[in-house]
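Heads up, entry37.tsv below (TSV, C-alpha atoms):
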chain	number	residue	atom	x	y	z
A	1	MET	CA	128.23	98.94	81.14
A	2	SER	CA	129.35	100.21	77.75
A	3	GLU	CA	129.80	103.92	77.25
A	4	THR	CA	127.06	104.02	74.60
A	5	ARG	CA	124.57	102.33	76.94
A	6	ALA	CA	125.49	104.65	79.82
A	7	ARG	CA	125.09	107.66	77.52
A	8	GLN	CA	121.69	106.40	76.33
A	9	GLU	CA	120.49	105.88	79.91
A	10	ARG	CA	121.64	109.37	80.87
A	11	PHE	CA	119.80	110.75	77.84
A	12	GLU	CA	116.59	108.95	78.88
A	13	ILE	CA	116.72	110.42	82.38
A	14	LEU	CA	117.56	113.95	81.26
A	15	CYS	CA	114.99	113.78	78.46
A	16	MET	CA	112.23	112.86	80.95
A	17	LYS	CA	113.31	115.56	83.37
A	18	ALA	CA	113.34	118.13	80.56
A	19	LEU	CA	109.87	117.10	79.35
A	20	ASP	CA	108.46	117.25	82.87
A	21	GLU	CA	110.24	120.53	83.51
A	22	ILE	CA	112.06	119.39	86.61
A	23	ILE	CA	115.51	119.62	85.09
A	24	THR	CA	118.13	121.62	86.99
A	25	LYS	CA	120.27	124.29	85.35
A	26	GLU	CA	123.36	122.04	85.34
A	27	GLU	CA	121.38	119.12	83.93
A	28	LYS	CA	119.89	121.39	81.26
A	29	GLU	CA	123.38	122.39	80.15
A	30	GLU	CA	124.43	118.75	80.11
A	31	PHE	CA	121.31	117.82	78.13
A	32	ASP	CA	121.83	120.60	75.59
A	33	THR	CA	125.44	119.54	75.11
A	34	MET	CA	124.28	115.96	74.65
A	35	ILE	CA	121.59	116.61	72.03
A	36	GLN	CA	123.32	119.44	70.17
A	37	PRO	CA	125.54	117.23	67.98
A	38	SER	CA	122.99	114.40	67.64
A	39	LEU	CA	120.18	114.87	65.15
A	40	GLU	CA	118.57	111.63	66.34
A	41	TYR	CA	118.38	112.75	69.98
A	42	LYS	CA	117.18	116.19	68.96
A	43	GLN	CA	114.39	114.83	66.74
A	44	GLU	CA	113.32	112.35	69.38
A	45	PHE	CA	113.11	115.01	72.05
A	46	GLU	CA	111.16	117.39	69.80
A	47	ALA	CA	108.67	114.66	68.84
A	48	MET	CA	108.15	113.68	72.47
A	49	LYS	CA	107.68	117.33	73.37
A	50	LYS	CA	104.88	117.60	70.80
A	51	VAL	CA	103.06	114.59	72.26
A	52	ARG	CA	103.59	115.95	75.77
A	53	GLU	CA	102.09	119.29	74.77
A	54	ILE	CA	98.89	117.55	73.73
A	55	THR	CA	98.64	115.17	76.66
A	56	ARG	CA	99.20	117.96	79.19
A	57	THR	CA	95.96	119.62	78.02
A	58	MET	CA	93.96	116.40	78.29
A	59	ARG	CA	92.04	115.63	81.45
A	60	PHE	CA	89.31	113.16	82.29
A	61	SER	CA	85.92	114.76	82.60
A	62	THR	CA	84.54	115.04	86.10
A	63	PRO	CA	81.44	112.99	86.94
A	64	SER	CA	78.54	114.86	88.54
A	65	ASP	CA	78.54	115.49	92.30
A	66	ALA	CA	75.55	113.14	92.66
A	67	ILE	CA	77.79	110.23	91.65
A	68	TRP	CA	80.29	111.02	94.42
A	69	ASP	CA	77.43	111.39	96.91
A	70	GLN	CA	76.28	107.84	96.05
A	71	TYR	CA	79.76	106.36	95.95
A	72	TRP	CA	79.97	105.31	99.62
A	73	THR	CA	76.41	103.91	99.51
A	74	GLY	CA	77.47	101.68	96.62
A	75	ILE	CA	80.43	100.33	98.58
A	76	TYR	CA	78.44	99.95	101.80
A	77	ASN	CA	75.75	97.97	99.93
A	78	ARG	CA	78.35	95.65	98.41
A	79	ILE	CA	79.97	94.99	101.79
A	80	GLU	CA	76.54	94.42	103.34
A	81	ARG	CA	75.50	92.10	100.52
A	82	GLY	CA	78.76	90.17	100.89
A	83	ILE	CA	78.02	89.59	104.58
A	84	GLY	CA	74.44	88.63	103.65
A	85	TRP	CA	75.65	86.03	101.18
A	86	LEU	CA	78.14	84.63	103.67
A	87	VAL	CA	75.47	84.18	106.37
A	88	PHE	CA	73.01	82.75	103.82
A	89	THR	CA	75.60	80.26	102.54
A	90	LEU	CA	76.46	79.23	106.09
A	91	GLY	CA	72.77	78.58	106.83
A	92	ALA	CA	72.33	76.65	103.59
A	93	VAL	CA	75.39	74.48	104.32
A	94	ILE	CA	74.11	73.70	107.83
A	95	LEU	CA	70.62	72.79	106.55
A	96	PHE	CA	71.99	70.78	103.64
A	97	THR	CA	74.36	68.83	105.90
A	98	TRP	CA	71.54	68.18	108.38
A	99	GLY	CA	69.24	67.04	105.55
A	100	VAL	CA	71.86	64.67	104.12
A	101	PHE	CA	72.60	63.31	107.57
A	102	ARG	CA	68.91	62.61	108.20
A	103	ILE	CA	68.52	60.88	104.82
A	104	ILE	CA	71.56	58.65	105.49
A	105	GLU	CA	70.31	57.96	109.00
A	106	SER	CA	66.87	56.92	107.73
A	107	ILE	CA	68.43	54.65	105.06
A	108	ILE	CA	70.75	52.97	107.58
A	109	SER	CA	67.94	52.39	110.10
A	110	ASN	CA	65.52	51.08	107.45
A	111	ASP	CA	65.26	47.28	107.72
A	112	HIS	CA	63.78	46.95	104.22
A	113	ILE	CA	66.96	48.22	102.54
A	114	THR	CA	69.67	45.64	101.89
A	115	LEU	CA	73.13	45.86	103.48
A	116	ILE	CA	74.87	46.40	100.16
A	117	ILE	CA	72.77	49.53	99.45
A	118	LYS	CA	73.45	50.78	102.97
A	119	LEU	CA	77.19	50.27	102.46
A	120	GLY	CA	76.95	52.03	99.09
A	121	VAL	CA	75.27	55.05	100.67
A	122	LEU	CA	77.83	55.10	103.48
A	123	PHE	CA	80.81	55.02	101.10
A	124	LEU	CA	79.15	57.59	98.85
A	125	SER	CA	78.67	60.02	101.73
A	126	LEU	CA	82.14	59.34	103.11
A	127	GLY	CA	83.71	59.98	99.67
A	128	LEU	CA	81.68	63.16	99.25
A	129	SER	CA	82.78	64.39	102.68
A	130	ILE	CA	86.45	63.78	101.85
A	131	LEU	CA	86.05	65.63	98.54
A	132	VAL	CA	84.36	68.60	100.19
A	133	VAL	CA	86.98	68.84	102.95
A	134	SER	CA	89.77	68.58	100.37
A	135	VAL	CA	88.32	71.33	98.15
A	136	VAL	CA	87.60	73.61	101.12
A	137	ARG	CA	91.12	73.09	102.51
A	138	GLU	CA	92.69	73.86	99.13
A	139	ARG	CA	90.48	76.87	98.50
A	140	PHE	CA	90.77	78.54	101.89
A	141	PHE	CA	94.06	77.40	103.37
A	142	MET	CA	96.59	76.18	100.83
A	143	ASN	CA	96.06	78.97	98.27
A	144	ARG	CA	96.49	81.62	100.96
A	145	ARG	CA	99.76	80.13	102.12
A	146	ASP	CA	101.21	79.79	98.61
A	147	PRO	CA	103.91	82.51	98.47
A	148	TYR	CA	104.15	82.17	94.68
A	149	ARG	CA	100.44	82.59	93.91
A	150	GLU	CA	101.03	85.95	92.17
A	151	ILE	CA	103.62	84.40	89.88
A	152	LYS	CA	102.39	83.40	86.46
A	153	ARG	CA	103.45	79.81	85.84
B	1	MET	CA	87.94	115.66	121.88
B	2	HIS	CA	89.08	116.16	118.30
B	3	GLU	CA	89.17	112.89	116.38
B	4	VAL	CA	92.36	112.09	114.47
B	5	ASN	CA	91.52	110.96	110.95
B	6	ASP	CA	94.86	110.22	109.36
B	7	ASP	CA	95.12	106.95	107.41
B	8	ARG	CA	96.78	105.15	110.31
B	9	SER	CA	94.14	105.88	112.94
B	10	VAL	CA	91.30	105.23	110.47
B	11	ILE	CA	92.76	101.83	109.53
B	12	ILE	CA	93.08	100.95	113.21
B	13	ARG	CA	89.41	101.84	113.72
B	14	CYS	CA	88.44	99.75	110.69
B	15	LYS	CA	90.39	96.81	112.07
B	16	LYS	CA	88.26	97.05	115.21
B	17	GLY	CA	85.17	96.59	113.01
B	18	ASP	CA	84.16	100.25	112.63
B	19	ILE	CA	82.74	100.15	109.10
B	20	LYS	CA	81.73	103.83	109.23
B	21	ALA	CA	85.38	104.78	109.69
B	22	TYR	CA	86.06	103.20	106.32
B	23	ASN	CA	83.87	105.91	104.79
B	24	ILE	CA	86.61	108.41	105.67
B	25	LEU	CA	89.15	106.47	103.60
B	26	VAL	CA	86.68	106.07	100.74
B	27	ASP	CA	85.91	109.79	100.74
B	28	ARG	CA	89.60	110.57	100.75
B	29	TYR	CA	90.58	108.30	97.87
B	30	MET	CA	87.46	107.69	95.75
B	31	GLN	CA	88.33	110.24	93.09
B	32	ARG	CA	91.92	109.01	92.75
B	33	ALA	CA	90.62	105.46	92.58
B	34	TYR	CA	88.01	106.27	89.95
B	35	TYR	CA	90.39	108.21	87.68
B	36	THR	CA	93.06	105.53	88.01
B	37	ALA	CA	90.56	102.86	86.95
B	38	LEU	CA	89.30	105.11	84.15
B	39	GLY	CA	92.85	105.38	82.85
B	40	PHE	CA	93.09	101.62	82.70
B	41	VAL	CA	89.69	100.69	81.26
B	42	GLY	CA	88.61	103.88	79.48
B	43	ASN	CA	84.94	103.55	80.38
B	44	ARG	CA	83.19	105.50	83.14
B	45	ASP	CA	80.76	102.80	84.25
B	46	HIS	CA	83.40	100.10	84.42
B	47	ALA	CA	85.81	102.48	86.17
B	48	MET	CA	83.15	103.26	88.78
B	49	ASP	CA	82.40	99.55	89.29
B	50	LEU	CA	86.03	98.46	89.48
B	51	SER	CA	87.04	101.24	91.86
B	52	GLN	CA	84.15	100.36	94.19
B	53	ASP	CA	85.04	96.66	93.98
B	54	ALA	CA	88.60	97.50	94.93
B	55	PHE	CA	87.38	99.35	98.03
B	56	VAL	CA	85.26	96.34	99.01
B	57	LYS	CA	88.23	93.98	98.56
B	58	ALA	CA	90.50	96.31	100.53
B	59	PHE	CA	87.95	96.41	103.36
B	60	ARG	CA	87.72	92.62	103.45
B	61	ALA	CA	91.51	92.46	103.76
B	62	ILE	CA	91.76	95.40	106.17
B	63	LYS	CA	93.19	93.25	108.97
B	64	LYS	CA	96.20	92.44	106.78
B	65	ILE	CA	96.97	96.08	105.97
B	66	ASP	CA	99.99	97.56	107.69
B	67	GLU	CA	98.62	100.78	109.19
B	68	ASN	CA	102.09	102.34	109.09
B	69	ARG	CA	102.04	102.35	105.30
B	70	GLN	CA	100.03	104.64	103.03
B	71	PHE	CA	96.56	103.17	102.42
B	72	PHE	CA	96.51	104.18	98.78
B	73	THR	CA	99.78	102.35	98.00
B	74	TYR	CA	98.18	99.12	99.23
B	75	PHE	CA	94.83	99.93	97.65
B	76	TYR	CA	96.42	100.78	94.31
B	77	ARG	CA	97.73	97.22	93.90
B	78	ILE	CA	94.27	95.77	94.42
B	79	LEU	CA	92.75	98.23	91.97
B	80	ARG	CA	95.48	97.66	89.40
B	81	ASN	CA	95.04	93.88	89.52
B	82	LEU	CA	91.27	94.22	89.17
B	83	CYS	CA	91.66	96.51	86.16
B	84	LEU	CA	94.26	94.32	84.47
B	85	ASN	CA	92.12	91.22	85.03
B	86	PHE	CA	89.13	93.08	83.64
B	87	ILE	CA	91.05	94.13	80.52
B	88	ARG	CA	92.40	90.62	80.03
B	89	ASP	CA	89.02	88.93	80.57
B	90	LYS	CA	86.82	91.24	78.57
B	91	LYS	CA	89.30	92.28	75.88
B	92	ARG	CA	87.59	95.63	75.77
B	93	HIS	CA	90.67	97.77	75.72
B	94	ALA	CA	90.85	97.70	71.94
B	95	ARG	CA	87.84	99.92	71.39
B	96	PRO	CA	88.84	103.36	72.53
B	97	PHE	CA	87.26	105.19	69.62
B	98	SER	CA	83.73	104.15	70.57
B	99	GLU	CA	84.27	105.49	74.06
B	100	ILE	CA	85.60	108.86	73.06
B	101	GLY	CA	82.18	110.21	72.21
B	102	GLU	CA	81.44	110.15	75.91
B	103	THR	CA	84.05	112.89	76.37
B	104	GLN	CA	86.22	110.95	78.73
B	105	TYR	CA	88.54	113.87	78.79
B	106	LYS	CA	88.26	117.56	78.25
B	107	ARG	CA	90.47	120.44	77.46
B	108	ILE	CA	91.49	122.30	80.58
B	109	ALA	CA	92.95	125.23	78.79
B	110	SER	CA	90.63	128.00	77.59
B	111	GLN	CA	88.38	127.16	74.67
B	112	GLU	CA	89.88	127.66	71.25
B	113	SER	CA	88.49	130.78	69.65
B	114	ASN	CA	88.74	129.29	66.20
B	115	PRO	CA	86.22	126.40	65.83
B	116	ALA	CA	88.27	124.70	63.11
B	117	MET	CA	91.33	124.79	65.33
B	118	ALA	CA	89.35	123.43	68.26
B	119	PHE	CA	88.11	120.55	66.13
B	120	GLU	CA	91.61	119.75	64.97
B	121	MET	CA	92.82	119.71	68.57
B	122	GLN	CA	89.97	117.41	69.56
B	123	GLU	CA	90.79	115.06	66.72
B	124	GLN	CA	94.44	114.99	67.78
B	125	LYS	CA	93.45	114.12	71.33
B	126	GLU	CA	91.27	111.31	70.12
B	127	LEU	CA	94.23	109.90	68.24
B	128	VAL	CA	96.51	110.30	71.24
B	129	TRP	CA	93.92	108.63	73.48
B	130	ALA	CA	93.54	105.75	71.03
B	131	ALA	CA	97.33	105.37	70.85
B	132	ILE	CA	97.61	105.32	74.66
B	133	HIS	CA	95.10	102.47	74.79
B	134	GLN	CA	97.23	100.49	72.37
B	135	LEU	CA	100.31	100.65	74.59
B	136	LYS	CA	101.42	97.68	76.70
B	137	PRO	CA	99.69	97.68	80.12
B	138	ASP	CA	102.77	98.78	82.08
B	139	GLN	CA	103.50	101.57	79.59
B	140	LYS	CA	99.89	102.71	79.56
B	141	GLU	CA	99.86	102.67	83.34
B	142	ILE	CA	102.88	104.91	83.70
B	143	ILE	CA	101.61	107.35	81.07
B	144	ILE	CA	98.26	107.60	82.87
B	145	LEU	CA	99.91	108.14	86.23
B	146	LYS	CA	102.26	110.81	84.95
B	147	GLU	CA	100.25	112.61	82.29
B	148	PHE	CA	96.71	112.34	83.61
B	149	ARG	CA	97.13	111.98	87.35
B	150	ASP	CA	100.13	114.29	87.64
B	151	TYR	CA	101.98	112.09	90.10
B	152	SER	CA	105.61	112.89	90.81
B	153	TYR	CA	108.34	110.34	90.05
B	154	GLN	CA	108.60	109.63	93.77
B	155	GLU	CA	104.85	108.94	94.08
B	156	ILE	CA	104.89	106.66	91.04
B	157	ALA	CA	107.90	104.81	92.46
B	158	GLU	CA	105.99	104.20	95.71
B	159	LEU	CA	102.79	103.13	93.95
B	160	LEU	CA	104.53	100.70	91.63
B	161	ASP	CA	107.16	99.68	94.16
B	162	ILE	CA	110.05	100.36	91.78
B	163	PRO	CA	113.11	102.66	91.98
B	164	ILE	CA	112.86	106.22	90.62
B	165	GLY	CA	115.42	105.38	87.93
B	166	THR	CA	113.13	102.61	86.68
B	167	VAL	CA	110.20	105.04	86.70
B	168	MET	CA	112.09	107.42	84.41
B	169	SER	CA	113.31	104.64	82.16
B	170	ARG	CA	109.84	103.08	81.89
B	171	LEU	CA	108.31	106.48	81.24
B	172	TYR	CA	110.87	107.16	78.53
B	173	HIS	CA	110.07	103.90	76.74
B	174	ALA	CA	106.33	104.49	77.13
B	175	ARG	CA	106.59	107.99	75.69
B	176	LYS	CA	108.79	106.70	72.90
B	177	SER	CA	106.25	104.00	72.01
B	178	LEU	CA	103.49	106.58	72.10
B	179	LYS	CA	105.50	108.90	69.87
B	180	ASN	CA	106.14	106.04	67.42
B	181	LYS	CA	102.44	105.16	67.29
B	182	LEU	CA	101.64	108.78	66.54
B	183	GLU	CA	104.30	109.25	63.89
B	184	GLY	CA	102.86	111.02	60.87
B	185	VAL	CA	99.73	111.91	62.80
B	186	ILE	CA	100.84	114.88	64.92
Any chance you could give the structure as structure tokens?
Amino acid sequence: MSETRARQERFEILCMKALDEIITKEEKEEFDTMIQPSLEYKQEFEAMKKVREITRTMRFSTPSDAIWDQYWTGIYNRIERGIGWLVFTLGAVILFTWGVFRIIESIISNDHITLIIKLGVLFLSLGLSILVVSVVRERFFMNRRDPYREIKR
Amino acid sequence: MHEVNDDRSVIIRCKKGDIKAYNILVDRYMQRAYYTALGFVGNRDHAMDLSQDAFVKAFRAIKKIDENRQFFTYFYRILRNLCLNFIRDKKRHARPFSEIGETQYKRIASQESNPAMAFEMQEQKELVWAAIHQLKPDQKEIIILKEFRDYSYQEIAELLDIPIGTVMSRLYHARKSLKNKLEGVI
């Protein structure tokens, strides 16, 4: 690392410590020695100090106590609703699958429908089943095992 | 017998399906969660929504949480991702001025005795707030954590999972960018 870069990095650390008032006596002396001959460092520190003086007096306003009282209820309701949706979806999937199965069954056992239509319905339902299984597997298993899913590609 | 309610024992109870135990964690961290989200999105309603969503997500993933680690460190990552996704999706972060009327912040020091002076200070804060919202997400995040949440360097390092040296360096660059944005204003 070049001397200039090392000096700059030291300045950054000492400058932050000085602004946050956690600088030790020895570090303060080192910092003063560092900025004394440099107008650029001195100006930068002074400007940052000004900004810091304003931000230190800024705080987010506090919401009313009633909001905190209702906070857990809001979370509980969301968790409960999530479970509700899951159970509902499960029921709907079971009923839908049963319905589709019965329709296919009635088509296959109907003597008035030609073989080619029956084959068509069979392949259609088989293809749909493969698609559903594939999507479900990708959604619930493969994505969870992908160690690079947080990486933006 | 006195019940132990540290993060570890509460997480273990949650893992056993005790949803009421989760209330203890929520009570403990709801304000930190809300203010962190507020720092990111700058709007009270959205901050409330996002922080609650993060708690729901954390509960759903409770079985994966390592009870030997601080809950908030794990929770913070969920909340941060939700907020960043929200900002990216809604592109609402570029309208801080319209939000300021809701007094998202207040002066903690005593009221200025001179009304003109007080107004000037308020105006300056609005400009600072607007400038903070224009920073890059990682710079804005570190400014919020340090300036508004008063976290120590060590706490920030744990939350962001970065070394203390990086915390100071990132904070320096964030403060420098903020200073540059405010040049000629304060």
Polymer residues at most 12 Å from stretch 56-73 of chain B, only C-alpha atoms, same-chain spacing of 3 or more positions, as a PyMOL selection string
(chain A and resi 71-83) or (chain B and resi 6-26+28-33+36+49-53+76-82+155-161)
Could you please tell me, as a PyMOL selection string, which residues of chain A have an atom within 7 Å of chain B when using all atoms listed in the file?
chain A and resi 12-13+16+47-48+51+54-61+72+75+78-79
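Atom CA of B:Leu145 sits 16.6 Å away from atom CA of A:Ile22.
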Distance cut-off 12 Å, centre (78.9, 54.6, 109.2) in file coordinates, counting only C-alpha atoms: which residues qualify? Return them as a list in words.
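Applying the cut-off with only C-alpha atoms, one gets Phe101, Ile104, Glu105, Ile107, Ile108, Ser109, Leu115, Lys118, Leu119, Gly120, Val121, Leu122, Phe123, Leu124, Ser125, Leu126 and Gly127 of chain A.
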To one decimal place, how far is atom CA of B:Phe40 from atom CA of B:Pro137 in Å?
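We find that atom CA of B:Phe40 and atom CA of B:Pro137 lie 8.1 Å from each other.
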What separation in Å, quoted to one decimal, exists between atom CA of A:Glu21 and atom CA of B:Ile164?
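Computed distance, atom CA of A:Glu21 to atom CA of B:Ile164, equals 16.2 Å.
Remark: for A:Phe11, the closest of the candidate residues A:Ser129, A:Thr62, A:Ser38, A:Ser134 is A:Ser38 (distances computed over only C-alpha atoms).
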Can you build me a table of stretch 31-81 of chain A residues sitting at most 12 Å from stretch 2-8 of chain A, with the closest atom pair per residue and its distance in Å to one decimal, using all atoms listed in the file, sorted by chain and residue number, as JSON lines?
{"residue": "A:Phe31", "atom": "CA", "partner": "A:Arg7", "partner_atom": "CA", "distance": 10.9}
{"residue": "A:Met34", "atom": "CA", "partner": "A:Arg7", "partner_atom": "CA", "distance": 8.8}
{"residue": "A:Ile35", "atom": "CA", "partner": "A:Arg7", "partner_atom": "CA", "distance": 11.1}
{"residue": "A:Ser38", "atom": "CA", "partner": "A:Gln8", "partner_atom": "CA", "distance": 11.9}
{"residue": "A:Glu40", "atom": "CA", "partner": "A:Gln8", "partner_atom": "CA", "distance": 11.7}
{"residue": "A:Tyr41", "atom": "CA", "partner": "A:Gln8", "partner_atom": "CA", "distance": 9.6}
